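To be precise, the following lines are data-v7.csv, and they hold CSV, C-alpha atoms and all ligand atoms.
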chain,number,residue,atom,x,y,z
C,16,MET,CA,2.9,-1.9,-4.7
C,17,ARG,CA,1.4,-4.7,-2.7
C,18,VAL,CA,-1.8,-3.9,-0.8
C,19,TYR,CA,-3.1,-5.9,2.1
C,20,GLN,CA,-6.6,-5.2,3.3
C,21,THR,CA,-7.5,-6.3,6.8
C,22,SER,CA,-10.8,-6.4,8.6
C,23,ASP,CA,-9.8,-4.0,11.4
C,24,TYR,CA,-7.0,-2.2,13.2
C,25,GLN,CA,-5.9,-5.3,15.2
C,26,ALA,CA,-5.6,-7.4,12.0
C,27,MET,CA,-3.8,-4.5,10.3
C,28,SER,CA,-1.3,-4.5,13.2
C,29,ARG,CA,-0.8,-8.2,13.0
C,30,GLN,CA,-0.2,-8.1,9.3
C,31,ALA,CA,2.3,-5.3,9.6
C,32,ALA,CA,4.1,-7.0,12.5
C,33,ASN,CA,4.2,-10.2,10.3
C,34,ILE,CA,6.1,-8.3,7.6
C,35,ILE,CA,8.5,-6.7,10.1
C,36,SER,CA,9.2,-10.1,11.8
C,37,ALA,CA,9.7,-11.8,8.4
C,38,GLN,CA,12.3,-9.1,7.7
C,39,ILE,CA,14.1,-9.7,11.0
C,40,ILE,CA,14.0,-13.5,10.6
C,41,THR,CA,15.4,-13.4,7.1
C,42,LYS,CA,18.1,-10.8,8.0
C,43,PRO,CA,18.6,-10.8,11.8
C,44,ASN,CA,21.1,-7.9,11.6
C,45,CYS,CA,18.7,-5.7,9.6
C,46,VAL,CA,18.2,-1.9,9.9
C,47,LEU,CA,14.6,-1.1,10.7
C,48,GLY,CA,13.3,2.4,10.1
C,49,LEU,CA,10.5,3.1,12.6
C,50,ALA,CA,7.7,5.6,13.1
C,51,THR,CA,5.7,7.0,15.9
C,52,GLY,CA,2.1,8.1,15.9
C,53,SER,CA,-1.0,6.2,16.8
C,54,THR,CA,-1.1,3.8,13.8
C,55,PRO,CA,2.0,1.7,14.6
C,56,ILE,CA,1.2,1.2,18.3
C,57,GLY,CA,-0.7,-2.1,17.7
C,58,THR,CA,2.1,-3.3,15.4
C,59,TYR,CA,4.7,-2.7,18.2
C,60,ARG,CA,2.4,-4.4,20.7
C,61,GLN,CA,2.3,-7.5,18.5
C,62,LEU,CA,6.0,-7.6,18.0
C,63,ILE,CA,6.5,-7.3,21.8
C,64,GLU,CA,4.1,-10.3,22.2
C,65,TRP,CA,6.0,-12.4,19.8
C,66,TYR,CA,9.3,-11.4,21.4
C,67,LYS,CA,8.0,-12.4,24.8
C,68,LYS,CA,6.9,-15.8,23.4
C,69,GLY,CA,10.4,-16.3,22.2
C,70,ASP,CA,9.5,-16.2,18.5
C,71,LEU,CA,11.5,-13.1,17.7
C,72,SER,CA,14.7,-11.4,18.7
C,73,PHE,CA,15.9,-7.8,18.1
C,74,ALA,CA,19.4,-8.6,19.5
C,75,GLU,CA,21.1,-7.9,16.2
C,76,VAL,CA,18.7,-5.2,14.8
C,77,HIS,CA,19.6,-1.6,14.4
C,78,THR,CA,16.8,1.0,14.4
C,79,VAL,CA,16.5,4.5,13.0
C,80,ASN,CA,13.4,6.6,13.7
C,81,LEU,CA,11.9,9.0,11.2
C,82,ASP,CA,11.7,12.1,13.3
C,83,GLU,CA,11.9,14.0,16.6
C,84,TYR,CA,10.8,17.4,18.0
C,85,VAL,CA,13.4,20.1,18.4
C,86,GLY,CA,13.9,21.2,22.0
C,87,LEU,CA,12.5,18.0,23.7
C,88,PRO,CA,14.9,15.7,25.6
C,89,GLY,CA,14.3,12.0,25.3
C,90,THR,CA,13.0,12.0,28.9
C,91,HIS,CA,10.0,14.3,27.9
C,92,ASP,CA,6.9,12.2,27.7
C,93,GLN,CA,6.0,13.8,24.3
C,94,SER,CA,9.4,13.2,22.7
C,95,TYR,CA,9.5,10.5,20.0
C,96,ARG,CA,12.5,8.9,21.8
C,97,TYR,CA,10.2,8.5,24.9
C,98,PHE,CA,7.4,7.1,22.7
C,99,MET,CA,9.8,4.5,21.2
C,100,GLN,CA,11.2,3.5,24.6
C,101,THR,CA,7.7,3.0,26.1
C,102,ASN,CA,6.0,1.5,23.1
C,103,LEU,CA,8.8,-0.9,21.9
C,104,PHE,CA,12.4,-0.6,23.0
C,105,ASP,CA,12.0,-1.1,26.7
C,106,HIS,CA,10.1,-4.3,26.1
C,107,VAL,CA,12.4,-6.2,23.7
C,108,ASP,CA,16.0,-7.1,23.5
C,109,VAL,CA,17.2,-4.4,21.1
C,110,LYS,CA,20.5,-2.9,22.2
C,111,PRO,CA,19.8,0.6,23.5
C,112,GLU,CA,22.9,2.0,21.8
C,113,TRP,CA,21.7,0.5,18.5
C,114,THR,CA,18.5,2.5,18.5
C,115,ASN,CA,18.7,5.9,16.8
C,116,VAL,CA,16.3,8.8,17.0
C,117,PRO,CA,17.3,12.3,15.8
C,118,ASP,CA,18.6,14.3,18.8
C,119,GLY,CA,16.1,17.0,19.5
C,120,MET,CA,18.5,18.7,21.9
C,121,ALA,CA,21.4,19.0,19.4
C,122,ALA,CA,22.8,22.6,19.5
C,123,ASP,CA,22.5,22.8,15.7
C,124,ALA,CA,19.4,20.9,14.5
C,125,GLN,CA,20.3,21.3,10.8
C,126,ALA,CA,23.7,19.8,11.4
C,127,GLU,CA,22.1,17.0,13.4
C,128,GLY,CA,20.2,16.1,10.2
C,129,GLY,CA,23.5,15.7,8.3
C,130,ARG,CA,24.9,13.6,11.2
C,131,TYR,CA,21.8,11.4,11.1
C,132,ASP,CA,22.0,10.7,7.4
C,133,GLN,CA,25.6,9.6,8.0
C,134,VAL,CA,24.5,7.3,10.7
C,135,ILE,CA,22.0,5.7,8.3
C,136,SER,CA,24.6,5.3,5.5
C,137,GLY,CA,27.2,4.0,8.0
C,138,LEU,CA,24.7,1.2,8.8
C,139,GLY,CA,24.5,0.4,5.1
C,140,GLY,CA,21.0,2.0,4.6
C,141,ILE,CA,17.6,1.0,5.8
C,142,ASP,CA,16.3,-2.4,5.0
C,143,LEU,CA,12.6,-1.8,5.9
C,144,GLN,CA,11.1,1.6,6.7
C,145,LEU,CA,7.8,1.7,8.5
C,146,LEU,CA,5.6,4.7,7.8
C,147,GLY,CA,2.3,6.2,8.9
C,148,MET,CA,0.6,8.8,6.9
C,149,GLY,CA,-0.9,12.2,7.9
C,150,HIS,CA,-4.3,13.4,6.7
C,151,ASN,CA,-2.6,15.8,4.3
C,152,GLY,CA,-0.2,13.1,3.0
C,153,HIS,CA,2.7,14.0,5.2
C,154,ILE,CA,5.3,11.3,5.9
C,155,GLY,CA,7.7,11.9,8.7
C,156,PHE,CA,7.4,15.7,9.2
C,157,ASN,CA,7.6,16.2,5.4
C,158,GLU,CA,4.5,18.5,5.0
C,159,PRO,CA,2.9,19.5,1.7
C,160,ALA,CA,5.3,21.8,-0.1
C,161,GLU,CA,6.5,23.2,-3.4
C,162,ASP,CA,9.3,20.6,-3.7
C,163,PHE,CA,10.4,17.3,-2.1
C,164,PRO,CA,12.9,17.9,0.7
C,165,LEU,CA,15.9,15.7,0.4
C,166,GLY,CA,18.0,14.5,3.4
C,167,THR,CA,17.3,14.6,7.1
C,168,HIS,CA,16.6,18.3,8.0
C,169,ARG,CA,15.0,20.7,10.4
C,170,VAL,CA,11.5,21.8,9.6
C,171,ASP,CA,9.1,24.5,11.0
C,172,LEU,CA,5.9,22.8,12.0
C,173,THR,CA,2.8,24.0,10.2
C,174,GLU,CA,0.1,25.8,12.2
C,175,SER,CA,-2.3,22.8,11.7
C,176,THR,CA,0.3,20.4,13.1
C,177,ILE,CA,0.8,22.7,16.1
C,178,GLN,CA,-2.9,22.9,16.7
C,179,ALA,CA,-3.3,19.1,16.3
C,180,ASN,CA,-0.5,18.5,18.8
C,181,LYS,CA,-1.4,21.0,21.5
C,182,ARG,CA,-3.7,18.5,23.3
C,183,PHE,CA,-0.6,16.6,24.3
C,184,PHE,CA,1.0,19.6,26.0
C,185,ALA,CA,0.2,21.7,29.1
C,186,SER,CA,-0.4,24.7,26.9
C,187,GLU,CA,-0.1,25.7,23.2
C,188,ALA,CA,3.1,27.6,24.1
C,189,ASP,CA,4.8,24.4,25.1
C,190,VAL,CA,4.2,22.7,21.7
C,191,PRO,CA,7.6,22.5,19.9
C,192,ARG,CA,7.7,24.7,16.7
C,193,GLN,CA,10.3,22.7,14.9
C,194,ALA,CA,11.3,19.1,14.3
C,195,ILE,CA,14.1,17.1,12.7
C,196,THR,CA,12.8,14.7,10.1
C,197,MET,CA,14.2,12.2,7.6
C,198,GLY,CA,13.7,13.8,4.2
C,199,ILE,CA,12.0,12.3,1.2
C,200,LYS,CA,15.3,11.1,-0.3
C,201,THR,CA,16.3,9.4,3.0
C,202,ILE,CA,13.0,7.6,3.1
C,203,MET,CA,13.0,6.7,-0.6
C,204,GLN,CA,16.5,5.2,-0.2
C,205,ALA,CA,15.1,2.5,2.1
C,206,ARG,CA,15.2,-0.8,0.3
C,207,ARG,CA,11.6,-1.7,1.3
C,208,ILE,CA,8.8,0.5,2.6
C,209,LEU,CA,5.8,-0.6,4.7
C,210,VAL,CA,2.9,1.9,5.1
C,211,VAL,CA,0.2,1.4,7.7
C,212,VAL,CA,-3.1,3.2,7.6
C,213,SER,CA,-6.3,2.7,9.7
C,214,GLY,CA,-9.7,4.3,9.8
C,215,GLU,CA,-12.2,5.9,7.5
C,216,ASP,CA,-10.6,9.3,8.0
C,217,LYS,CA,-7.5,8.2,6.0
C,218,ALA,CA,-9.5,6.9,3.0
C,219,ASP,CA,-9.3,10.1,1.0
C,220,ILE,CA,-5.6,10.7,1.5
C,221,VAL,CA,-4.8,7.0,0.8
C,222,LEU,CA,-6.6,7.4,-2.6
C,223,LYS,CA,-4.9,10.7,-3.4
C,224,ALA,CA,-1.4,9.4,-2.4
C,225,PHE,CA,-1.5,6.1,-4.3
C,226,ARG,CA,-3.8,7.0,-7.2
C,227,GLY,CA,-3.3,10.7,-7.7
C,228,PRO,CA,-0.5,12.6,-9.3
C,229,VAL,CA,3.0,12.4,-7.8
C,230,THR,CA,3.4,15.9,-6.3
C,231,PRO,CA,5.2,17.4,-3.3
C,232,LYS,CA,1.7,18.8,-2.4
C,233,VAL,CA,0.9,15.2,-1.3
C,234,PRO,CA,4.4,14.1,0.0
C,235,ALA,CA,3.3,10.4,0.3
C,236,SER,CA,2.5,10.3,-3.4
C,237,ILE,CA,6.3,10.0,-4.1
C,238,LEU,CA,6.0,6.4,-2.8
C,239,GLN,CA,4.4,5.5,-6.1
C,240,LEU,CA,7.9,5.8,-7.6
C,241,HIS,CA,9.5,3.4,-5.0
C,242,PRO,CA,10.1,-0.2,-6.3
C,243,ASP,CA,9.1,-2.0,-3.1
C,244,VAL,CA,6.2,-0.6,-1.2
C,245,THR,CA,3.7,-2.6,0.8
C,246,LEU,CA,0.6,-0.9,2.1
C,247,VAL,CA,-1.3,-2.5,4.9
C,248,GLY,CA,-4.6,-1.0,5.9
C,249,ASP,CA,-7.9,-1.8,7.4
C,250,LYS,CA,-11.1,-1.9,5.2
C,251,ALA,CA,-12.1,1.6,6.2
C,252,ALA,CA,-8.8,3.2,5.3
C,253,LEU,CA,-8.6,1.3,2.0
C,254,SER,CA,-12.2,1.7,1.0
C,255,LYS,CA,-11.7,4.4,-1.6
C,256,LEU,CA,-8.6,2.9,-3.0
C,257,ALA,CA,-10.3,-0.5,-3.5
C,258,ALA,CA,-13.3,1.2,-5.0
C,259,ALA,CA,-11.0,2.9,-7.5
C,260,GLY,CA,-9.9,-0.5,-8.8
C,261,GLU,CA,-6.7,-1.1,-6.9
C,262,SER,CA,-6.2,-4.8,-6.4
C,263,VAL,CA,-6.0,-5.8,-2.8
C,264,CYS,CA,-5.1,-9.0,-1.1
C,265,GLY,CA,-6.5,-10.3,2.1
Z,1,LIG,C1,5.6,9.6,13.0
Z,1,LIG,C2,5.4,10.5,11.8
Z,1,LIG,C3,4.1,10.9,11.3
Z,1,LIG,C4,3.0,10.0,11.5
Z,1,LIG,C5,1.7,10.6,10.8
Z,1,LIG,C6,0.5,9.7,11.1
Z,1,LIG,O1,6.9,9.4,13.3
Z,1,LIG,O2,6.4,10.8,11.4
Z,1,LIG,O3,4.3,11.2,9.9
Z,1,LIG,O4,3.3,8.8,10.9
Z,1,LIG,O5,1.4,11.8,11.4
Z,1,LIG,O6,0.2,9.6,12.4
Z,1,LIG,P1,-0.9,8.7,13.0
Z,1,LIG,O7,-0.4,7.3,12.9
Z,1,LIG,O8,-1.1,9.1,14.4
Z,1,LIG,O9,-2.2,8.9,12.2
Can you give me the file's structure in the form of structure tokens?
Ligand code: F6R
Amino acid sequence: MRVYQTSDYQAMSRQAANIISAQIITKPNCVLGLATGSTPIGTYRQLIEWYKKGDLSFAEVHTVNLDEYVGLPGTHDQSYRYFMQTNLFDHVDVKPEWTNVPDGMAADAQAEGGRYDQVISGLGGIDLQLLGMGHNGHIGFNEPAEDFPLGTHRVDLTESTIQANKRFFASEADVPRQAITMGIKTIMQARRILVVVSGEDKADIVLKAFRGPVTPKVPASILQLHPDVTLVGDKAALSKLAAAGESVCG
């Protein structure tokens, strides 16, 4: 694993965007796995800036997102499709039909997972998967569990996720109870993985995930077994990992 430590969120975003743009420049027709959440927003902003300056093009890129809520159409402002449109896709030259997000309105969410994995393998697999990480070590919607889920699948959201998300909805009753997420196998099959973390509140889980035992109780810990992981984090998020002796660049 390579670890880049940056001074703050903005520098973290620039470093992550650098790695993504290097991927696009070296393989213009690459497949990018993308994430939602607050951490990658600055990375997307930086990529948009470089696109507008003419330094970067997404014209040949395919994208596959990690996850989506069940029951929300892409027009809903809390859907992950909507997030991607407003935070990246609408501002760059990616072909709309080459962007993929699981269909939260599919009649059979479990079958949608199977279809989604076929889309990914039909594209030749993911070249670079961007990931954020939850406070309990979740990646995508793969929450702590007794075993590692495999392919893209439907999940019941945990009570703590529902509680954390309710601020974005008119009422708790409106919070989706299920999601479709890439599984651990789908994520681990990506050729390269880029994890972004920011803030002191992530320091404990970063240490646990990258220095603790590999266990489905900390889903991100499986990344220790991936041959090509880059972790980019600000000083605050990496403080405990660096204190534990992990060598960091930057
Ligand atoms: C996003 C996703 C989630 C987030 C994670 C961290 O598509 O699947 O796993 O990456 O919840 O979220 P933030 O970045 O908001 O801390």
What's around Ala122 of chain C at 12 Å? Count only C-alpha atoms, leave out sequence neighbours fewer than 6 positions away in its own chain, and write the answer as a tab-separated table (two decimals) with C-alpha atoms, keeping the file's coordinate frame.
chain	number	residue	atom	x	y	z
C	85	VAL	CA	13.40	20.10	18.40
C	86	GLY	CA	13.90	21.20	22.00
C	128	GLY	CA	20.20	16.10	10.20
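Distance check against Val134 of chain C using only C-alpha atoms: of C:Met197, C:Val263, C:Ala26, C:Met16, the minimum falls on C:Met197.
Proximity ranking of C:Asp132, C:Asp70, C:Asp189, C:Glu261 relative to Val116 of chain C places C:Asp132 first, based on all atoms listed in the file.
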Find the nearest atom pair between each residue of chain C and ligand LIG 1 (chain Z) for residues within 9 Å, count all atoms listed in the file, give distances in Å to one decimal, sort rows by chain and ascending number, and present the table as a tab-separated table.
residue	atom	partner	partner_atom	distance
C:Leu49	CA	Z:LIG1	O1	7.3
C:Ala50	CA	Z:LIG1	O1	3.9
C:Thr51	CA	Z:LIG1	O1	3.7
C:Gly52	CA	Z:LIG1	O8	3.7
C:Ser53	CA	Z:LIG1	O8	3.8
C:Thr54	CA	Z:LIG1	O7	3.7
C:Pro55	CA	Z:LIG1	O7	6.3
C:Ile56	CA	Z:LIG1	O7	8.3
C:Asn80	CA	Z:LIG1	O1	7.1
C:Leu81	CA	Z:LIG1	O1	5.4
C:Asp82	CA	Z:LIG1	O1	5.5
C:Glu83	CA	Z:LIG1	O1	7.6
C:Tyr95	CA	Z:LIG1	O1	7.3
C:Leu145	CA	Z:LIG1	O4	8.7
C:Leu146	CA	Z:LIG1	O4	5.6
C:Gly147	CA	Z:LIG1	O4	3.4
C:Met148	CA	Z:LIG1	C6	4.3
C:Gly149	CA	Z:LIG1	O5	4.2
C:His150	CA	Z:LIG1	O9	7.4
C:Gly152	CA	Z:LIG1	C5	8.4
C:His153	CA	Z:LIG1	O3	5.7
C:Ile154	CA	Z:LIG1	O3	4.1
C:Gly155	CA	Z:LIG1	O2	3.2
C:Phe156	CA	Z:LIG1	O2	5.5
C:Asn157	CA	Z:LIG1	O3	7.5
C:Glu158	CA	Z:LIG1	O3	8.8
C:Thr176	CA	Z:LIG1	O5	8.8
C:Thr196	CA	Z:LIG1	O2	7.6
C:Met197	CA	Z:LIG1	O2	8.8
C:Val211	CA	Z:LIG1	O7	7.9
C:Val212	CA	Z:LIG1	O7	7.2
C:Ser213	CA	Z:LIG1	O9	7.8
C:Lys217	CA	Z:LIG1	O9	8.2
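With distances restricted to only C-alpha atoms, C:Asn151 is the closest residue to Ala218 of chain C from C:Ser136, C:Ser186, C:Asn151, C:Gln144.
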Review point. Is there a way to get, as a list in words, all residues within 12 Å of the point (5.4, 23.8, 26.1) in file coordinates, counting only C-alpha atoms?
Key: Tyr84, Val85, Gly86, Leu87, His91, Asp92, Gln93, Ser94, Ile177, Asn180, Lys181, Arg182, Phe183, Phe184, Ala185, Ser186, Glu187, Ala188, Asp189, Val190, Pro191 and Arg192 of chain C
Would you save the residues from that selection as a PDB file, keeping the file's coordinate frame, using C-alpha atoms?
ATOM      1  CA  TYR C  84      10.800  17.400  18.000  1.00  0.00           C
ATOM      2  CA  VAL C  85      13.400  20.100  18.400  1.00  0.00           C
ATOM      3  CA  GLY C  86      13.900  21.200  22.000  1.00  0.00           C
ATOM      4  CA  LEU C  87      12.500  18.000  23.700  1.00  0.00           C
ATOM      5  CA  HIS C  91      10.000  14.300  27.900  1.00  0.00           C
ATOM      6  CA  ASP C  92       6.900  12.200  27.700  1.00  0.00           C
ATOM      7  CA  GLN C  93       6.000  13.800  24.300  1.00  0.00           C
ATOM      8  CA  SER C  94       9.400  13.200  22.700  1.00  0.00           C
ATOM      9  CA  ILE C 177       0.800  22.700  16.100  1.00  0.00           C
ATOM     10  CA  ASN C 180      -0.500  18.500  18.800  1.00  0.00           C
ATOM     11  CA  LYS C 181      -1.400  21.000  21.500  1.00  0.00           C
ATOM     12  CA  ARG C 182      -3.700  18.500  23.300  1.00  0.00           C
ATOM     13  CA  PHE C 183      -0.600  16.600  24.300  1.00  0.00           C
ATOM     14  CA  PHE C 184       1.000  19.600  26.000  1.00  0.00           C
ATOM     15  CA  ALA C 185       0.200  21.700  29.100  1.00  0.00           C
ATOM     16  CA  SER C 186      -0.400  24.700  26.900  1.00  0.00           C
ATOM     17  CA  GLU C 187      -0.100  25.700  23.200  1.00  0.00           C
ATOM     18  CA  ALA C 188       3.100  27.600  24.100  1.00  0.00           C
ATOM     19  CA  ASP C 189       4.800  24.400  25.100  1.00  0.00           C
ATOM     20  CA  VAL C 190       4.200  22.700  21.700  1.00  0.00           C
ATOM     21  CA  PRO C 191       7.600  22.500  19.900  1.00  0.00           C
ATOM     22  CA  ARG C 192       7.700  24.700  16.700  1.00  0.00           C
TER      23      ARG C 192
END
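Here atom CA of Asn102 of chain C stands at a distance of 7.3 Å from atom CA of Arg60 of chain C.
Closest approach to Ile220 of chain C among C:Ser262, C:Ile195, C:Glu174, C:Ser254 is made by C:Ser254 (distances from only C-alpha atoms).
For segment 224-228 of chain C, the set of protein, DNA and RNA residues having any atom at most 9 Å away, when counting only C-alpha atoms and skipping those fewer than 3 positions along the same chain, is Gly152, Asp219, Ile220, Val221, Val233, Pro234, Ala235, Ser236, Ile237, Leu238, Gln239, Leu256, Ala259 and Glu261 of chain C.
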Exercise for review: Would you list the contacts of Thr78 of chain C as a VMD selection string, taking every protein, DNA or RNA residue within 8 Å and counting only C-alpha atoms, but skipping same-chain residues closer than 3 positions in sequence?
Suggested key: chain C and resid 46 to 49 113 to 115
Practice item. Compile the contact shell of Ile199 of chain C as number ranges by chain: residues with an atom at most 7 Å away, counting all atoms listed in the file, same-chain residues fewer than 6 positions apart removed. Key: C: 163-166
Exercise for review: State, in Å with one decimal place, the distance from atom CA of Gln193 of chain C to atom CA of Gly119 of chain C.
Suggested key: 9.3 Å
Check your understanding: Rounded to one decimal in Å, what is the spacing between atom CA of Gly129 of chain C and atom CA of His168 of chain C?
Key -> 7.4 Å
**Study point:** Residue with smallest distance to Asp142 of chain C - pool C:Ala121, C:Leu222, C:Ala37, C:Val229, counting only C-alpha atoms
**Key:** C:Ala37
